[in-house]
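Okay, structure first, notes after.
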Amino acid sequence: MPMSTRQRPVDRGIRISLKLRQMAGEEFRQTRIGLGFSQAFVGRACGLSPTQVSRIERAVLPSVTLEQLCRIASVLGLDTSLKFYAGDSPLRDQAQIDLIERSREHVGPPLQICTEVPVPIEGDRRAWDMWLVGAPQTVGVEAESRIRDCQAVQRRITLKARDSDIKQVVLLVADSHANRAAVQAAGAILREMFPIPARVALRQLRAGRTLGGWAIVLL
């Protein structure tokens, strides 16, 4: 039976939002007290009520806007920075979901499918789309609905396999004209990284056996 081992991205986003609001509120409170400002003074200076300032400091105003945070920070002499960086895997699009679903019919017992498996490093938010377990070696599976940069895909999977101690990998690629062209253009780069032919990989997986290496499969 397919198993999921990872939280929903939206739930993680909600928790991150709360943590950031808590951090901002505590920073504001400590800075305000250090400056000898009252909540009423800060509120008047940035167009908020004392109650709003209090709730922002206690992180109990979920509707607080980025503009409000920046206004309070400026009044307190704080600079504001917002940065996004690669972390968790993005939410799958429908094409990727369909690709993963198509792959299930090619996996036979005793292999079992585990979905959304985190990289086993504390604090690391990367995850595999699937693991195939139940044989001597686990197979890590990544699904790409559209390949735009083969070298970027190569680097991402190589690092993920290294950090997960995964020796066998299947890169699932949606079978489209654009993807075939991208794979063909990559040529030797992908052939060297994924030496096992797709037909051999599929035959092994249908028989419930692992691969002994890396393969790229268009489905």
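Labels for the structure tokens follow display order: chains A, B, ..., residues from 1 in each chain, ligands from 1.
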Original post:
If we count only C-alpha atoms, what is near Arg155 of chain A at a cut-off of 12 Å, once residues fewer than 5 positions away on the same chain are taken out, given as number ranges by chain?
Top reply: A: 149-150, 160-162, 189-190, 193
Residue selection dump (N, CA and C atoms) as a compact mmCIF listing (two decimals), in the first residue's frame:
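Written file, part_6.txt:
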```
# COMPACT_ATOMS: atom_id res chain seq x y z
N ASP A 149 16.28 22.13 -17.57
CA ASP A 149 17.73 22.22 -17.38
C ASP A 149 18.22 20.86 -16.90
N CYS A 150 18.75 20.06 -17.82
CA CYS A 150 19.20 18.71 -17.46
C CYS A 150 20.33 18.72 -16.44
N LYS A 160 20.94 14.68 -3.66
CA LYS A 160 19.91 14.02 -2.87
C LYS A 160 20.26 12.55 -2.63
N ALA A 161 20.77 11.88 -3.67
CA ALA A 161 21.17 10.48 -3.53
C ALA A 161 22.33 10.35 -2.55
N ARG A 162 23.29 11.25 -2.66
CA ARG A 162 24.43 11.22 -1.73
C ARG A 162 23.98 11.39 -0.29
N ILE A 189 25.68 13.44 -21.17
CA ILE A 189 25.55 13.78 -19.76
C ILE A 189 24.59 12.82 -19.06
N LEU A 190 23.40 12.63 -19.66
CA LEU A 190 22.42 11.75 -19.04
C LEU A 190 22.75 10.28 -19.24
N MET A 193 25.14 9.29 -16.56
CA MET A 193 24.55 9.28 -15.22
C MET A 193 23.51 8.19 -15.08
```
Original post:
Counting only C-alpha atoms, what is within 10 Å of Ile166 of chain A, bar same-chain residues fewer than 5 positions away, as JSON, numbers by chain?
Top reply: {"A": [131, 137, 138, 139, 140, 158, 160, 161, 213]}
Dump of N, CA and C atoms for the selected residues, as an mmCIF file, in the first residue's frame:
```cif
data_model
loop_
_atom_site.group_PDB
_atom_site.id
_atom_site.type_symbol
_atom_site.label_atom_id
_atom_site.label_comp_id
_atom_site.auth_asym_id
_atom_site.auth_seq_id
_atom_site.Cartn_x
_atom_site.Cartn_y
_atom_site.Cartn_z
ATOM 1 N N TRP A 131 10.046 6.398 -2.839
ATOM 2 C CA TRP A 131 11.024 5.339 -2.600
ATOM 3 C C TRP A 131 10.344 4.016 -2.915
ATOM 4 N N GLN A 137 18.054 -3.280 -1.803
ATOM 5 C CA GLN A 137 18.411 -1.870 -1.880
ATOM 6 C C GLN A 137 17.198 -1.025 -2.262
ATOM 7 N N THR A 138 17.064 0.096 -1.578
ATOM 8 C CA THR A 138 15.969 1.020 -1.882
ATOM 9 C C THR A 138 16.250 1.767 -3.182
ATOM 10 N N VAL A 139 15.185 2.015 -3.941
ATOM 11 C CA VAL A 139 15.289 2.795 -5.170
ATOM 12 C C VAL A 139 14.651 4.161 -4.932
ATOM 13 N N GLY A 140 15.419 5.210 -5.158
ATOM 14 C CA GLY A 140 14.877 6.557 -5.076
ATOM 15 C C GLY A 140 14.297 6.969 -6.417
ATOM 16 N N THR A 158 21.871 14.045 -7.794
ATOM 17 C CA THR A 158 23.151 13.541 -7.281
ATOM 18 C C THR A 158 23.325 13.885 -5.813
ATOM 19 N N LYS A 160 20.941 14.679 -3.663
ATOM 20 C CA LYS A 160 19.907 14.022 -2.868
ATOM 21 C C LYS A 160 20.260 12.548 -2.634
ATOM 22 N N ALA A 161 20.768 11.880 -3.666
ATOM 23 C CA ALA A 161 21.171 10.476 -3.527
ATOM 24 C C ALA A 161 22.332 10.346 -2.552
ATOM 25 N N GLY A 213 21.601 0.173 -10.334
ATOM 26 C CA GLY A 213 22.178 1.399 -10.863
ATOM 27 C C GLY A 213 21.125 2.465 -11.064
#
```
Subject >> Polymer residues at most 12 Å from Ala181 of chain A, only C-alpha atoms, same-chain spacing of 2 or more positions, as a PyMOL selection string >> reply: chain A and resi 146-150+173-179+183-187+218
Can those selected residues be exported to a file as a CSV table (one decimal), in the first residue's frame so that it contains N, CA and C atoms?
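Resulting contents of selection01.csv:
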```csv
chain,number,residue,atom,x,y,z
A,146,ARG,N,8.4,18.3,-16.7
A,146,ARG,CA,9.0,19.1,-17.7
A,146,ARG,C,10.5,19.3,-17.4
A,147,ILE,N,11.4,18.9,-18.2
A,147,ILE,CA,12.8,19.1,-18.0
A,147,ILE,C,13.2,20.4,-18.8
A,148,ARG,N,13.7,21.4,-18.0
A,148,ARG,CA,14.2,22.6,-18.7
A,148,ARG,C,15.7,22.7,-18.6
A,149,ASP,N,16.3,22.1,-17.6
A,149,ASP,CA,17.7,22.2,-17.4
A,149,ASP,C,18.2,20.9,-16.9
A,150,CYS,N,18.8,20.1,-17.8
A,150,CYS,CA,19.2,18.7,-17.5
A,150,CYS,C,20.3,18.7,-16.4
A,173,VAL,N,10.3,10.8,-16.3
A,173,VAL,CA,10.1,12.0,-17.1
A,173,VAL,C,8.9,11.8,-18.0
A,174,ALA,N,8.0,12.8,-18.0
A,174,ALA,CA,6.8,12.7,-18.8
A,174,ALA,C,7.2,12.6,-20.3
A,175,ASP,N,6.6,11.7,-21.0
A,175,ASP,CA,6.9,11.4,-22.4
A,175,ASP,C,6.2,12.5,-23.2
A,176,SER,N,7.0,13.5,-23.6
A,176,SER,CA,6.5,14.6,-24.4
A,176,SER,C,7.6,15.0,-25.4
A,177,HIS,N,7.2,15.7,-26.5
A,177,HIS,CA,8.1,16.1,-27.5
A,177,HIS,C,9.2,16.9,-26.9
A,178,ALA,N,8.8,17.9,-26.0
A,178,ALA,CA,9.8,18.8,-25.4
A,178,ALA,C,10.8,18.1,-24.5
A,179,ASN,N,10.3,17.1,-23.8
A,179,ASN,CA,11.2,16.4,-22.9
A,179,ASN,C,12.1,15.4,-23.6
A,183,VAL,N,16.2,15.6,-23.4
A,183,VAL,CA,17.0,14.4,-23.1
A,183,VAL,C,18.0,14.1,-24.2
A,184,GLN,N,17.5,14.2,-25.4
A,184,GLN,CA,18.4,14.0,-26.5
A,184,GLN,C,19.5,15.1,-26.6
A,185,ALA,N,19.2,16.3,-26.3
A,185,ALA,CA,20.2,17.4,-26.3
A,185,ALA,C,21.2,17.2,-25.2
A,186,ALA,N,20.8,16.6,-24.1
A,186,ALA,CA,21.8,16.4,-23.0
A,186,ALA,C,22.7,15.3,-23.4
A,187,GLY,N,22.3,14.4,-24.2
A,187,GLY,CA,23.2,13.3,-24.7
A,187,GLY,C,24.0,12.6,-23.7
A,218,LEU,N,11.0,7.4,-19.6
A,218,LEU,CA,10.0,8.3,-20.1
A,218,LEU,C,8.7,7.6,-20.1
```
Subject >> Contacts of segment 76-81 of chain A within 12 Å, only C-alpha atoms, excl. fewer than 4 positions in-chain, as a ChimeraX atom specification >> reply: /A:24,27-39,41-43,45-46,66-72
Could you write out the selected residues, including N, CA and C atoms, as a short mmCIF file (atom, residue, chain, number, x, y, z; two decimals), in the first residue's frame?
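Listing of part_9.cif after writing:
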```cif
data_model
loop_
_atom_site.label_atom_id
_atom_site.label_comp_id
_atom_site.auth_asym_id
_atom_site.auth_seq_id
_atom_site.Cartn_x
_atom_site.Cartn_y
_atom_site.Cartn_z
N ALA A 24 9.56 38.11 14.77
CA ALA A 24 9.44 39.55 14.55
C ALA A 24 8.86 40.24 15.77
N GLU A 27 11.41 40.50 18.55
CA GLU A 27 12.42 41.51 18.20
C GLU A 27 11.87 42.92 18.40
N PHE A 28 10.64 43.12 17.95
CA PHE A 28 10.01 44.43 18.12
C PHE A 28 9.88 44.78 19.61
N ARG A 29 9.41 43.83 20.40
CA ARG A 29 9.18 44.09 21.83
C ARG A 29 10.47 44.47 22.53
N GLN A 30 11.51 43.68 22.30
CA GLN A 30 12.78 43.94 22.98
C GLN A 30 13.37 45.27 22.55
N THR A 31 13.29 45.56 21.24
CA THR A 31 13.85 46.83 20.75
C THR A 31 13.05 48.02 21.29
N ARG A 32 11.72 47.90 21.29
CA ARG A 32 10.87 48.98 21.80
C ARG A 32 11.16 49.28 23.26
N ILE A 33 11.27 48.23 24.07
CA ILE A 33 11.55 48.41 25.49
C ILE A 33 12.93 49.03 25.68
N GLY A 34 13.91 48.56 24.89
CA GLY A 34 15.26 49.11 24.99
C GLY A 34 15.31 50.59 24.64
N LEU A 35 14.43 51.03 23.75
CA LEU A 35 14.38 52.45 23.36
C LEU A 35 13.53 53.28 24.30
N GLY A 36 12.78 52.62 25.17
CA GLY A 36 11.92 53.33 26.10
C GLY A 36 10.63 53.81 25.46
N PHE A 37 10.23 53.17 24.35
CA PHE A 37 8.99 53.55 23.66
C PHE A 37 7.82 52.75 24.22
N SER A 38 6.66 53.39 24.26
CA SER A 38 5.44 52.68 24.62
C SER A 38 4.80 52.12 23.35
N GLN A 39 3.89 51.17 23.52
CA GLN A 39 3.16 50.63 22.38
C GLN A 39 2.30 51.72 21.73
N PHE A 41 3.05 54.93 21.57
CA PHE A 41 3.94 55.79 20.79
C PHE A 41 4.28 55.14 19.44
N VAL A 42 4.63 53.85 19.47
CA VAL A 42 4.96 53.14 18.24
C VAL A 42 3.75 53.10 17.32
N GLY A 43 2.58 52.85 17.91
CA GLY A 43 1.37 52.79 17.11
C GLY A 43 1.08 54.10 16.39
N ALA A 45 3.16 56.39 15.59
CA ALA A 45 4.20 56.68 14.60
C ALA A 45 4.03 55.91 13.30
N CYS A 46 3.41 54.74 13.39
CA CYS A 46 3.29 53.92 12.17
C CYS A 46 1.84 53.67 11.77
N LEU A 66 2.89 42.54 5.59
CA LEU A 66 4.31 42.83 5.47
C LEU A 66 4.57 44.33 5.62
N GLU A 67 3.66 45.13 5.09
CA GLU A 67 3.81 46.59 5.21
C GLU A 67 3.78 47.03 6.66
N GLN A 68 2.87 46.45 7.44
CA GLN A 68 2.79 46.81 8.85
C GLN A 68 4.07 46.45 9.60
N LEU A 69 4.61 45.27 9.30
CA LEU A 69 5.86 44.84 9.93
C LEU A 69 6.99 45.80 9.57
N CYS A 70 7.04 46.19 8.31
CA CYS A 70 8.10 47.10 7.86
C CYS A 70 7.96 48.48 8.49
N ARG A 71 6.73 48.94 8.66
CA ARG A 71 6.50 50.24 9.28
C ARG A 71 6.97 50.23 10.74
N ILE A 72 6.62 49.18 11.47
CA ILE A 72 7.06 49.10 12.87
C ILE A 72 8.58 49.01 12.93
#
```
Original post:
Tell me, which residues of segment 28-168 of chain A carry DSSP strand (DSSP E), written as a list in words?
Top reply: Gln112, Ile113, Cys114, Thr115, Glu116, Val117, Pro118, Ala127, Trp128, Asp129, Met130, Trp131, Leu132, Val133, Val139, Gly140, Val141, Glu142, Ala143, Glu144 and Gln168 of chain A
Subject >> All alpha helix (DSSP H) positions in segment 108-214 of chain A, as number ranges by chain >> reply: A: 150-164, 177-186, 188-193, 198-206
Just the selected residues (N, CA and C atoms), exported as a compact mmCIF listing (two decimals), in the first residue's frame, please.
```
# COMPACT_ATOMS: atom_id res chain seq x y z
N CYS A 150 18.75 20.06 -17.82
CA CYS A 150 19.20 18.71 -17.46
C CYS A 150 20.33 18.72 -16.44
N GLN A 151 21.21 19.70 -16.55
CA GLN A 151 22.32 19.75 -15.60
C GLN A 151 21.83 20.08 -14.20
N ALA A 152 20.82 20.93 -14.10
CA ALA A 152 20.26 21.24 -12.78
C ALA A 152 19.60 20.01 -12.18
N VAL A 153 18.89 19.24 -13.00
CA VAL A 153 18.28 17.99 -12.53
C VAL A 153 19.36 17.02 -12.07
N GLN A 154 20.42 16.93 -12.84
CA GLN A 154 21.53 16.05 -12.50
C GLN A 154 22.13 16.41 -11.15
N ARG A 155 22.39 17.69 -10.95
CA ARG A 155 23.00 18.12 -9.68
C ARG A 155 22.06 17.85 -8.51
N ARG A 156 20.78 18.15 -8.68
CA ARG A 156 19.83 17.98 -7.59
C ARG A 156 19.72 16.51 -7.17
N ILE A 157 19.61 15.61 -8.15
CA ILE A 157 19.45 14.20 -7.83
C ILE A 157 20.74 13.62 -7.26
N THR A 158 21.87 14.04 -7.79
CA THR A 158 23.15 13.54 -7.28
C THR A 158 23.33 13.89 -5.81
N LEU A 159 23.02 15.13 -5.45
CA LEU A 159 23.15 15.54 -4.05
C LEU A 159 22.14 14.84 -3.16
N LYS A 160 20.94 14.68 -3.66
CA LYS A 160 19.91 14.02 -2.87
C LYS A 160 20.26 12.55 -2.63
N ALA A 161 20.77 11.88 -3.67
CA ALA A 161 21.17 10.48 -3.53
C ALA A 161 22.33 10.35 -2.55
N ARG A 162 23.29 11.25 -2.66
CA ARG A 162 24.43 11.22 -1.73
C ARG A 162 23.98 11.39 -0.29
N ASP A 163 23.11 12.37 -0.05
CA ASP A 163 22.69 12.67 1.31
C ASP A 163 21.69 11.66 1.87
N SER A 164 21.12 10.84 0.99
CA SER A 164 20.19 9.79 1.44
C SER A 164 20.82 8.41 1.40
N HIS A 177 7.17 15.66 -26.47
CA HIS A 177 8.14 16.07 -27.49
C HIS A 177 9.23 16.95 -26.88
N ALA A 178 8.83 17.90 -26.03
CA ALA A 178 9.80 18.81 -25.42
C ALA A 178 10.79 18.07 -24.54
N ASN A 179 10.29 17.11 -23.75
CA ASN A 179 11.18 16.36 -22.87
C ASN A 179 12.11 15.44 -23.64
N ARG A 180 11.60 14.82 -24.69
CA ARG A 180 12.46 13.98 -25.51
C ARG A 180 13.58 14.81 -26.15
N ALA A 181 13.24 16.00 -26.57
CA ALA A 181 14.25 16.87 -27.16
C ALA A 181 15.29 17.28 -26.13
N ALA A 182 14.84 17.55 -24.90
CA ALA A 182 15.77 17.95 -23.83
C ALA A 182 16.71 16.80 -23.47
N VAL A 183 16.16 15.59 -23.38
CA VAL A 183 16.97 14.42 -23.05
C VAL A 183 17.98 14.15 -24.17
N GLN A 184 17.52 14.25 -25.40
CA GLN A 184 18.41 14.02 -26.54
C GLN A 184 19.52 15.07 -26.58
N ALA A 185 19.17 16.31 -26.30
CA ALA A 185 20.17 17.38 -26.32
C ALA A 185 21.22 17.19 -25.24
N ALA A 186 20.80 16.63 -24.10
CA ALA A 186 21.76 16.40 -23.01
C ALA A 186 22.75 15.31 -23.36
N ALA A 188 25.32 12.72 -23.82
CA ALA A 188 26.25 11.94 -23.01
C ALA A 188 26.12 12.22 -21.53
N ILE A 189 25.68 13.44 -21.17
CA ILE A 189 25.55 13.78 -19.76
C ILE A 189 24.59 12.82 -19.06
N LEU A 190 23.40 12.63 -19.66
CA LEU A 190 22.42 11.75 -19.04
C LEU A 190 22.75 10.28 -19.24
N ARG A 191 23.33 9.94 -20.38
CA ARG A 191 23.69 8.52 -20.61
C ARG A 191 24.71 8.04 -19.60
N GLU A 192 25.65 8.90 -19.25
CA GLU A 192 26.67 8.52 -18.27
C GLU A 192 26.07 8.40 -16.87
N MET A 193 25.14 9.29 -16.56
CA MET A 193 24.55 9.28 -15.22
C MET A 193 23.51 8.19 -15.08
N ALA A 198 15.90 2.14 -20.26
CA ALA A 198 14.56 2.23 -19.69
C ALA A 198 13.84 0.90 -19.72
N ARG A 199 13.94 0.16 -20.83
CA ARG A 199 13.21 -1.12 -20.93
C ARG A 199 13.70 -2.11 -19.88
N VAL A 200 15.00 -2.08 -19.60
CA VAL A 200 15.56 -2.98 -18.58
C VAL A 200 15.05 -2.56 -17.20
N ALA A 201 15.06 -1.26 -16.93
CA ALA A 201 14.59 -0.77 -15.64
C ALA A 201 13.13 -1.13 -15.40
N LEU A 202 12.29 -0.94 -16.41
CA LEU A 202 10.87 -1.26 -16.25
C LEU A 202 10.66 -2.76 -16.06
N ARG A 203 11.41 -3.57 -16.76
CA ARG A 203 11.28 -5.02 -16.60
C ARG A 203 11.65 -5.44 -15.18
N GLN A 204 12.70 -4.86 -14.65
CA GLN A 204 13.13 -5.18 -13.29
C GLN A 204 12.08 -4.75 -12.27
N LEU A 205 11.55 -3.55 -12.43
CA LEU A 205 10.60 -3.05 -11.45
C LEU A 205 9.28 -3.82 -11.50
N ARG A 206 8.84 -4.20 -12.69
CA ARG A 206 7.60 -4.99 -12.78
C ARG A 206 7.76 -6.34 -12.11
```
**OP:** Point out the residue among A:Gly208, A:Pro195, A:Gly108, A:Gly25 with the least atom-to-atom distance to Val60 of chain A, counting only C-alpha atoms.
**Re:**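 Ranked by minimum distance to Val60 of chain A, first place goes to A:Gly25.
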Original post:
Neighbours of Arg102 of chain A within 10 Å (only C-alpha atoms; same-chain residues fewer than 5 positions away dropped), as a PyMOL selection string?
Top reply: chain A and resi 96-97+174+219
Selected residues, C-alpha atoms, written as a PDB file, in the first residue's frame, please.
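Contents of the output file result20.pdb:
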```pdb
ATOM      1  CA  GLN A  96       3.707  15.458 -12.237  1.00  0.00           C
ATOM      2  CA  ILE A  97       0.945  13.826 -10.205  1.00  0.00           C
ATOM      3  CA  ALA A 174       6.794  12.703 -18.782  1.00  0.00           C
ATOM      4  CA  LEU A 219       6.342   7.471 -19.364  1.00  0.00           C
TER       5      LEU A 219
END
```
